[in-house]
Every structure is written in C-alpha cells, then in structure tokens.
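The data block below is input32.cif; it holds mmCIF, C-alpha atoms.
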```cif
data_upload
loop_
_atom_site.label_atom_id
_atom_site.label_comp_id
_atom_site.auth_asym_id
_atom_site.auth_seq_id
_atom_site.Cartn_x
_atom_site.Cartn_y
_atom_site.Cartn_z
CA MET I 1 72.72 69.73 141.92
CA MET I 2 74.62 69.21 145.17
CA ALA I 3 73.10 69.84 148.56
CA GLY I 4 74.27 72.98 150.35
CA THR I 5 76.10 70.98 153.00
CA GLN I 6 78.03 69.04 150.32
CA VAL I 7 79.09 72.25 148.59
CA ALA I 8 80.16 73.77 151.91
CA LEU I 9 82.16 70.66 152.81
CA LEU I 10 83.90 70.49 149.42
CA THR I 11 84.67 74.21 149.54
CA SER I 12 86.11 73.92 153.06
CA LEU I 13 88.25 70.92 152.06
CA ALA I 14 89.60 72.81 149.06
CA MET I 15 90.54 75.87 151.14
CA VAL I 16 92.31 73.70 153.71
CA ALA I 17 94.15 71.91 150.89
CA PHE I 18 95.31 75.19 149.34
CA ALA I 19 96.52 76.46 152.73
CA ALA I 20 98.29 73.14 153.30
CA ASN I 21 100.57 73.85 150.34
CA SER I 22 102.13 76.71 152.29
CA LEU I 23 102.51 74.58 155.40
CA LEU I 24 103.99 71.56 153.59
CA CYS I 25 106.43 73.72 151.64
CA ARG I 26 107.54 75.50 154.81
CA LEU I 27 107.83 72.21 156.73
CA ALA I 28 110.08 70.82 154.02
CA LEU I 29 112.22 73.84 153.18
CA ALA I 30 112.68 75.69 156.47
CA PRO I 31 114.73 72.89 158.11
CA GLY I 32 116.51 72.06 154.84
CA LEU I 33 114.85 68.69 154.27
CA ILE I 34 114.81 69.29 150.51
CA ASP I 35 116.01 71.94 148.06
CA ALA I 36 113.49 74.26 146.42
CA PRO I 37 113.74 72.98 142.80
CA SER I 38 113.42 69.35 143.93
CA PHE I 39 110.35 70.26 145.99
CA ALA I 40 108.77 72.00 142.98
CA THR I 41 109.61 69.08 140.70
CA LEU I 42 108.16 66.43 143.00
CA ARG I 43 105.10 68.60 143.65
CA VAL I 44 104.40 68.99 139.93
CA LEU I 45 105.11 65.30 139.25
CA ALA I 46 102.76 64.14 142.02
CA GLY I 47 100.10 66.65 140.95
CA THR I 48 100.42 65.54 137.31
CA LEU I 49 99.96 61.88 138.23
CA THR I 50 96.98 62.60 140.48
CA LEU I 51 95.20 64.80 137.96
CA GLY I 52 96.17 62.59 135.03
CA LEU I 53 94.70 59.47 136.57
CA ILE I 54 91.41 61.28 137.07
CA VAL I 55 91.11 62.84 133.62
CA ILE I 56 92.57 60.00 131.49
CA PRO I 57 89.06 58.79 130.43
CA ARG I 58 88.16 62.30 129.26
CA TRP I 59 91.52 62.76 127.51
CA ARG I 60 90.89 59.53 125.60
CA ALA I 61 87.34 60.53 124.73
CA GLU I 62 88.47 63.88 123.31
CA HIS I 63 91.57 62.38 121.62
CA LYS I 64 93.43 65.62 122.30
CA ALA I 65 93.98 68.26 124.95
CA ASN I 66 94.51 71.89 124.01
CA THR I 67 97.57 73.49 125.59
CA ASN I 68 97.76 77.13 126.66
CA PHE I 69 101.48 77.88 126.81
CA VAL I 70 100.92 81.24 128.52
CA ALA I 71 99.25 79.29 131.32
CA VAL I 72 102.10 76.77 131.35
CA ALA I 73 104.73 79.53 131.66
CA ALA I 74 102.74 81.22 134.43
CA LEU I 75 102.31 77.92 136.30
CA LEU I 76 106.04 77.17 135.99
CA GLY I 77 106.95 80.60 137.34
CA TYR I 78 104.53 80.19 140.23
CA MET I 79 105.85 76.74 141.17
CA ILE I 80 109.53 77.76 141.18
CA CYS I 81 109.12 81.14 142.89
CA PHE I 82 106.71 79.69 145.48
CA SER I 83 109.24 77.06 146.52
CA TYR I 84 112.19 79.44 146.73
CA ALA I 85 110.13 82.02 148.63
CA TYR I 86 109.34 79.57 151.42
CA LEU I 87 113.01 79.14 152.19
CA SER I 88 112.62 82.31 154.25
CA LEU I 89 108.94 83.28 154.58
CA ALA I 90 106.54 82.19 157.30
CA ALA I 91 103.49 80.27 156.07
CA GLY I 92 100.95 83.00 156.84
CA ALA I 93 102.95 85.92 155.45
CA GLY I 94 103.75 83.94 152.31
CA ALA I 95 100.12 82.98 151.73
CA LEU I 96 98.98 86.58 152.21
CA ILE I 97 101.54 87.94 149.73
CA LEU I 98 100.70 85.18 147.23
CA PHE I 99 96.94 85.60 147.49
CA GLY I 100 96.98 89.40 147.62
CA THR I 101 99.30 89.75 144.63
CA ALA I 102 97.31 87.22 142.59
CA GLN I 103 94.05 89.06 143.23
CA LEU I 104 95.59 92.45 142.47
CA THR I 105 97.00 91.02 139.22
CA MET I 106 93.50 89.94 138.22
CA PHE I 107 92.05 93.34 139.20
CA ILE I 108 94.62 95.09 136.98
CA ALA I 109 93.75 92.77 134.11
CA ALA I 110 90.07 93.62 134.60
CA LEU I 111 90.86 97.33 134.42
CA ARG I 112 92.91 96.86 131.25
CA ALA I 113 89.97 94.97 129.74
CA GLY I 114 87.74 97.98 130.39
CA GLU I 115 85.77 96.55 133.31
CA PRO I 116 84.21 99.45 135.27
CA PHE I 117 85.39 100.00 138.85
CA SER I 118 83.22 101.91 141.29
CA LEU I 119 84.67 104.23 143.93
CA PRO I 120 84.36 101.55 146.67
CA ALA I 121 86.18 99.10 144.38
CA TRP I 122 89.00 101.61 143.88
CA LEU I 123 89.17 102.16 147.63
CA GLY I 124 89.26 98.40 148.20
CA SER I 125 92.06 97.89 145.68
CA SER I 126 94.06 100.72 147.23
CA CYS I 127 93.53 99.30 150.70
CA ALA I 128 94.64 95.83 149.59
CA LEU I 129 97.78 97.23 147.96
CA ALA I 130 98.55 99.34 151.02
CA GLY I 131 98.22 96.25 153.23
CA LEU I 132 100.77 94.35 151.15
CA VAL I 133 103.14 97.33 151.05
CA TYR I 134 102.88 97.68 154.82
CA LEU I 135 103.56 93.97 155.33
CA VAL I 136 106.83 94.05 153.37
CA SER I 137 107.99 97.54 154.41
CA PRO I 138 111.23 97.60 156.45
CA GLY I 139 110.95 96.81 160.14
CA LEU I 140 111.80 94.23 162.77
CA THR I 141 108.86 91.98 161.89
CA ALA I 142 108.90 92.47 158.13
CA PRO I 143 109.24 89.31 156.00
CA ASP I 144 112.57 88.57 154.34
CA PRO I 145 112.82 90.96 151.33
CA ALA I 146 114.09 88.32 148.88
CA GLY I 147 111.36 85.90 149.94
CA ALA I 148 108.73 88.63 149.61
CA VAL I 149 109.90 89.50 146.07
CA LEU I 150 109.84 85.83 145.05
CA MET I 151 106.37 85.31 146.50
CA THR I 152 105.15 88.45 144.75
CA ALA I 153 106.42 86.97 141.48
CA ALA I 154 104.64 83.71 142.36
CA GLY I 155 101.45 85.67 142.98
CA VAL I 156 101.67 87.40 139.60
CA GLY I 157 102.21 84.00 137.99
CA TRP I 158 99.23 82.54 139.80
CA GLY I 159 97.06 85.51 138.85
CA ILE I 160 97.98 85.15 135.16
CA TYR I 161 97.40 81.41 135.35
CA SER I 162 93.98 81.92 136.92
CA LEU I 163 93.02 84.42 134.23
CA SER I 164 94.19 82.15 131.43
CA GLY I 165 91.98 79.33 132.66
CA ARG I 166 88.75 81.31 132.86
CA TYR I 167 87.49 80.25 129.47
CA ALA I 168 88.77 76.66 129.38
CA PRO I 169 85.92 74.30 128.36
CA ASP I 170 86.91 71.85 131.10
CA ALA I 171 88.99 73.38 133.91
CA LEU I 172 90.16 70.04 135.30
CA ILE I 173 91.40 68.78 131.91
CA ALA I 174 93.08 72.13 131.26
CA THR I 175 94.84 72.00 134.63
CA ALA I 176 96.02 68.41 134.13
CA THR I 177 97.32 69.28 130.65
CA ASN I 178 99.14 72.35 131.96
CA PHE I 179 100.78 70.26 134.68
CA VAL I 180 102.02 67.78 132.08
CA TRP I 181 103.67 70.59 130.11
CA THR I 182 105.04 72.27 133.26
CA LEU I 183 106.89 69.12 134.33
CA PRO I 184 109.78 69.45 131.82
CA GLY I 185 110.34 73.03 133.01
CA VAL I 186 110.73 72.17 136.68
CA VAL I 187 112.91 69.17 135.80
CA LEU I 188 115.17 71.49 133.79
CA VAL I 189 115.50 73.90 136.73
CA SER I 190 116.37 70.94 138.97
CA LEU I 191 119.04 69.79 136.50
CA LEU I 192 120.53 73.28 136.33
CA THR I 193 120.85 73.33 140.13
CA ILE I 194 121.79 69.66 140.54
CA ALA I 195 124.93 70.57 142.50
CA ASN I 196 122.69 71.76 145.33
CA VAL I 197 120.33 68.78 145.39
CA ASN I 198 119.24 67.74 148.86
CA ALA I 199 116.32 65.39 149.38
CA ALA I 200 115.79 63.74 152.75
CA PRO I 201 112.98 61.14 152.85
CA LEU I 202 110.74 63.39 154.96
CA GLY I 203 111.27 66.32 152.58
CA VAL I 204 110.35 64.09 149.63
CA ALA I 205 107.22 62.95 151.49
CA TYR I 206 106.16 66.57 152.13
CA ALA I 207 106.68 67.46 148.45
CA ILE I 208 104.66 64.46 147.24
CA ALA I 209 101.88 65.24 149.72
CA SER I 210 101.84 68.84 148.50
CA GLY I 211 101.50 67.72 144.88
CA ALA I 212 99.16 64.76 145.22
CA ILE I 213 96.90 65.91 148.05
CA ALA I 214 97.10 69.67 148.60
CA THR I 215 97.43 70.44 144.87
CA GLY I 216 95.99 67.57 142.80
CA PHE I 217 93.21 66.49 145.14
CA GLY I 218 92.64 70.12 146.15
CA TYR I 219 91.94 71.12 142.55
CA VAL I 220 89.60 68.18 141.98
CA VAL I 221 87.57 69.09 145.06
CA TRP I 222 87.62 72.80 144.23
CA PHE I 223 86.44 72.34 140.65
CA ALA I 224 83.60 70.15 141.92
CA ALA I 225 82.55 72.84 144.40
CA VAL I 226 83.07 75.91 142.21
CA LYS I 227 80.47 74.72 139.69
CA GLN I 228 77.87 75.30 142.40
CA LEU I 229 79.14 78.76 143.46
CA ARG I 230 78.70 82.22 142.00
CA ALA I 231 81.94 83.69 140.65
CA THR I 232 82.10 86.33 143.38
CA THR I 233 81.36 83.76 146.08
CA ALA I 234 84.11 81.51 144.75
CA ALA I 235 86.58 84.41 144.81
CA THR I 236 85.49 85.64 148.24
CA VAL I 237 85.76 82.26 149.95
CA GLN I 238 89.44 82.15 148.99
CA LEU I 239 90.00 84.98 151.46
CA SER I 240 90.11 82.22 154.07
CA VAL I 241 93.31 80.64 152.69
CA PRO I 242 95.86 83.12 154.15
CA ILE I 243 94.01 83.07 157.48
CA ILE I 244 94.04 79.27 157.64
CA ALA I 245 97.73 79.22 156.69
CA ALA I 246 98.65 81.83 159.30
CA PHE I 247 96.93 80.15 162.22
CA ALA I 248 97.94 76.65 161.15
CA GLY I 249 101.51 77.93 160.96
CA THR I 250 101.17 79.14 164.54
CA LEU I 251 99.88 75.78 165.74
CA LEU I 252 102.08 73.46 163.69
CA LEU I 253 105.23 75.47 163.00
CA ASP I 254 105.39 77.73 166.07
CA GLU I 255 105.32 80.80 163.82
CA ALA I 256 104.33 84.08 165.42
CA VAL I 257 101.22 85.93 164.27
CA THR I 258 102.60 89.46 164.53
CA LEU I 259 100.66 92.69 164.83
CA ARG I 260 102.07 93.67 161.43
CA LEU I 261 100.65 90.50 159.85
CA LEU I 262 97.26 91.04 161.48
CA ILE I 263 97.03 94.66 160.29
CA ALA I 264 98.26 93.78 156.80
CA SER I 265 95.82 90.86 156.61
CA ALA I 266 92.89 93.04 157.65
CA ALA I 267 93.78 95.72 155.09
CA THR I 268 94.58 93.34 152.22
CA LEU I 269 91.78 90.83 152.68
CA GLY I 270 89.28 93.53 153.63
CA GLY I 271 90.18 95.53 150.53
CA ILE I 272 89.86 92.50 148.27
CA TRP I 273 86.50 91.65 149.83
CA LEU I 274 85.29 95.19 149.12
CA VAL I 275 86.25 94.88 145.44
CA LEU I 276 84.62 91.47 145.13
CA ALA I 277 81.47 92.75 146.85
CA GLN I 278 81.18 95.54 144.27
CA LYS I 279 81.71 93.08 141.41
CA GLY I 280 79.01 90.87 142.90
CA LYS I 281 76.53 93.74 142.72
CA THR I 282 77.17 94.22 138.99
CA ALA I 283 77.29 90.51 138.11
#
```

Taking this structure as input, can you express it in the form of structure tokens?
Amino acid sequence: MMAGTQVALLTSLAMVAFAANSLLCRLALAPGLIDAPSFATLRVLAGTLTLGLIVIPRWRAEHKANTNFVAVAALLGYMICFSYAYLSLAAGAGALILFGTAQLTMFIAALRAGEPFSLPAWLGSSCALAGLVYLVSPGLTAPDPAGAVLMTAAGVGWGIYSLSGRYAPDALIATATNFVWTLPGVVLVSLLTIANVNAAPLGVAYAIASGAIATGFGYVVWFAAVKQLRATTAATVQLSVPIIAAFAGTLLLDEAVTLRLLIASAATLGGIWLVLAQKGKTA
C-alpha cells in the first residue's frame, strides 16, 4: 500500500501529463510545425514504444495479449480527431470539450445499462451538457465549429475506450496492446494524406514528447495511482485536467481565458462533479 503523499504525487503527475497532451498538440499544430496525421502517428508510435518496453516482461509471461478491437477503433478515432481538432481549438476549450463529452458518453452508457440516476445526478448531467452547448454556441468567443465537432468526436471515442477498458484484467497491458493495434490505423491515415505531410524537427519533438511522456508515461503513473483510489475519486480528480490545460495555455501559449470558457467550465465540471458525487454515495 502506498503512502498518501505518494498517491497524491502520482495522481498530480498523471493529471499534468494528461493536460500536457493538449498543450503539446497545440504547440505543434497551431504554428504548422507538423500536420495532424503525422502528429497522431508519432504520438501513437512513441506511446507504443514506451508502454511496450514496460510491459514486455508481462507479455512474455502471459504468452499472449487479448485484443479488444472496439477499444482499438475508439482509440484510433480519438487520436485522429484530437489532432485535427487542435488545428483550430485553444488548449483549454479543447480539453473541456474532450473531457465533458467523454464523461457524458460514459453517463449515457450507464443509463443504457440500467444504472439508477437520482434527481441530483440528472440535474448534474443536464448542467454539464448545457455548459458544453453554451461553450460551442455561436458568438464572438465561441470555439471554431469544425474543431469543436472533431473534439466532440474525440471525446466520444475516449469515452467508449474508457468504458471498454473497465474490465481488463491488467489495464496497462490492455493499453499497450491497444496502442500496438492502433499504430497501423494512424499510419494508414498518414499515407492517405501524404501529399500534405509537414514535419519540422520541433513539431516531431512535440509529437514524440506527447506520446512518450504525456501519454505513455502518463498512463503508467495513472494506473499506479488509480489502484489506490476509489472509482469516484479517480473520476473526480480528472476534473482538474481541463483547468490545468486552460491556465497552462494562458501562461505558455498566450491563450485567453474568456468569460464564456469560465462559465462553461463551471457548468460542465460542476455538473459532472454532482453526478460523480451521487455515484459515490451509492458505491
């Protein structure tokens, strides 16, 4: 059993790593240092190598690794849509749309599975949805519509991927295996768009850092921490990711934290917290 300070440190590192994916993608794509498919391909490749090196002993011990192709398809969709979305979205707005959509996707799946929702949970879900709708509704400070649609698709993909991994015997092995099978998909997308390839050294470096550190290392740290956390605590702590991304984007990318983003964040993250709090009471 880890000490409380160790769990808190690992959890904090994981949340910073997840938020860093938005920042690294935006740093690479906004100034045109790399094209979106190449970023996704290098990210998946670097993540595959990082995770693979860590789980190779366990792969060898088990002699096989089960593959969930629904998870692979969802991960592929997330990777591609995430990269294309950040051609136009700010880091904070993108992270909020991604996180909010992923959580709402999982809430819908819970409803379809017959999980009971109390009145406060329904209010929280409605509030979260309203926050996202407000964020992307037309206006001077609204995110780019195409980017918002792509990030919504990425969020649905991430929600499905998260659901598919709930019952994996070993989450780290499952993730590494899914990355291996996702790699051919992102390579194919890159080949189909090869006429638009653009990969400056700095863009390549950002993509590799996103895959190896923010994704691969981030998952390793997160899976180590999540074993020590209650399910509702693990879900709630992820509310920090869009906030970290938004304020880091302000400091590092000179992105504005608009009133619209603040209101949408309060409604979306507050609504999600309310749902998770109700689930925690029935856990």

For stretch 247-261 of chain I, please output as a PDB file with C-alpha atoms, in the coordinates of the input all residues within 10 Å (counting all atoms listed in the file; exclusion window: fewer than 2 positions along the same chain).
```
ATOM      1  CA  VAL I  16      92.310  73.700 153.710  1.00  0.00           C
ATOM      2  CA  ALA I  19      96.520  76.460 152.730  1.00  0.00           C
ATOM      3  CA  ALA I  20      98.290  73.140 153.300  1.00  0.00           C
ATOM      4  CA  SER I  22     102.130  76.710 152.290  1.00  0.00           C
ATOM      5  CA  LEU I  23     102.510  74.580 155.400  1.00  0.00           C
ATOM      6  CA  ARG I  26     107.540  75.500 154.810  1.00  0.00           C
ATOM      7  CA  LEU I  27     107.830  72.210 156.730  1.00  0.00           C
ATOM      8  CA  ALA I  30     112.680  75.690 156.470  1.00  0.00           C
ATOM      9  CA  ALA I  90     106.540  82.190 157.300  1.00  0.00           C
ATOM     10  CA  ALA I  91     103.490  80.270 156.070  1.00  0.00           C
ATOM     11  CA  GLY I  92     100.950  83.000 156.840  1.00  0.00           C
ATOM     12  CA  ALA I  93     102.950  85.920 155.450  1.00  0.00           C
ATOM     13  CA  LEU I  96      98.980  86.580 152.210  1.00  0.00           C
ATOM     14  CA  GLY I 131      98.220  96.250 153.230  1.00  0.00           C
ATOM     15  CA  LEU I 132     100.770  94.350 151.150  1.00  0.00           C
ATOM     16  CA  TYR I 134     102.880  97.680 154.820  1.00  0.00           C
ATOM     17  CA  LEU I 135     103.560  93.970 155.330  1.00  0.00           C
ATOM     18  CA  VAL I 136     106.830  94.050 153.370  1.00  0.00           C
ATOM     19  CA  SER I 137     107.990  97.540 154.410  1.00  0.00           C
ATOM     20  CA  GLY I 139     110.950  96.810 160.140  1.00  0.00           C
ATOM     21  CA  LEU I 140     111.800  94.230 162.770  1.00  0.00           C
ATOM     22  CA  THR I 141     108.860  91.980 161.890  1.00  0.00           C
ATOM     23  CA  ALA I 142     108.900  92.470 158.130  1.00  0.00           C
ATOM     24  CA  PRO I 143     109.240  89.310 156.000  1.00  0.00           C
ATOM     25  CA  PRO I 242      95.860  83.120 154.150  1.00  0.00           C
ATOM     26  CA  ILE I 243      94.010  83.070 157.480  1.00  0.00           C
ATOM     27  CA  ILE I 244      94.040  79.270 157.640  1.00  0.00           C
ATOM     28  CA  ALA I 245      97.730  79.220 156.690  1.00  0.00           C
ATOM     29  CA  ILE I 263      97.030  94.660 160.290  1.00  0.00           C
ATOM     30  CA  ALA I 264      98.260  93.780 156.800  1.00  0.00           C
ATOM     31  CA  SER I 265      95.820  90.860 156.610  1.00  0.00           C
ATOM     32  CA  ALA I 266      92.890  93.040 157.650  1.00  0.00           C
ATOM     33  CA  ALA I 267      93.780  95.720 155.090  1.00  0.00           C
TER      34      ALA I 267
END
```

Size and centre in Å, one decimal, axis-aligned box, all listed stretch 236-244 of chain I atoms plus 8 Å per side, as JSON:
```
{"center_x": 90.7, "center_y": 82.5, "center_z": 152.9, "size_x": 26.4, "size_y": 22.4, "size_z": 25.4}
```

Just say which residues the PyMOL selection byres ((chain I and resi 206) around 9) picks in this file, as a PyMOL selection string.
-> chain I and resi 24-25+27-28+39+43+201-205+207-211

How far is it from atom CA of I:Leu262 to atom CA of I:Ser162, in Å with one decimal?
-> 26.4 Å

I need the residue set behind the PyMOL selection byres ((chain I and resi 74) around 7) for this file; please write it as JSON, numbers by chain.
-> {"I": [70, 71, 72, 73, 75, 76, 77, 78, 157, 158, 160, 161]}

Do you know which residues the PyMOL selection byres ((chain I and resi 220) around 10) returns on this file, as a PyMOL selection string?
-> chain I and resi 10+14+50-51+54+171-172+175+213+215-219+221-225

For I:Val189, work out the shell of residues within 10 Å, counting only C-alpha atoms and skipping chain neighbours fewer than 3 positions away, then give it as a PyMOL selection string.
-> chain I and resi 36-38+40-41+80+184-186+192-194

Interatomic distance, atom CA of I:Pro145 to atom CA of I:Ala95 (Å, one decimal) |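 Result for atom CA of I:Pro145 versus atom CA of I:Ala95: 15.0 Å, one decimal.
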
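In this model, the gap between atom CA of I:Met151 and atom CA of I:Trp181 comes to 22.2 Å.
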
The residue from I:Val55, I:Ala235, I:Leu13, I:Met79 with the smallest atom-to-atom distance to I:Ala174, counting all atoms listed in the file, is I:Val55

Would you please work out which residue, of I:Leu163, I:Ala146, I:Ile97, I:Val180, is nearest to I:Ala110 when using all atoms listed in the file?
->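 Of the candidates, the smallest distance to I:Ala110 is held by I:Leu163.
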
Go through I:Ala46, I:Val237, I:Val187, I:Ile272 one by one, measure the shortest atom-to-atom distance of each to I:Phe107 using all atoms listed in the file, and give the residue with the smallest value.
->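 Among the listed residues, I:Ile272 lies closest to I:Phe107.
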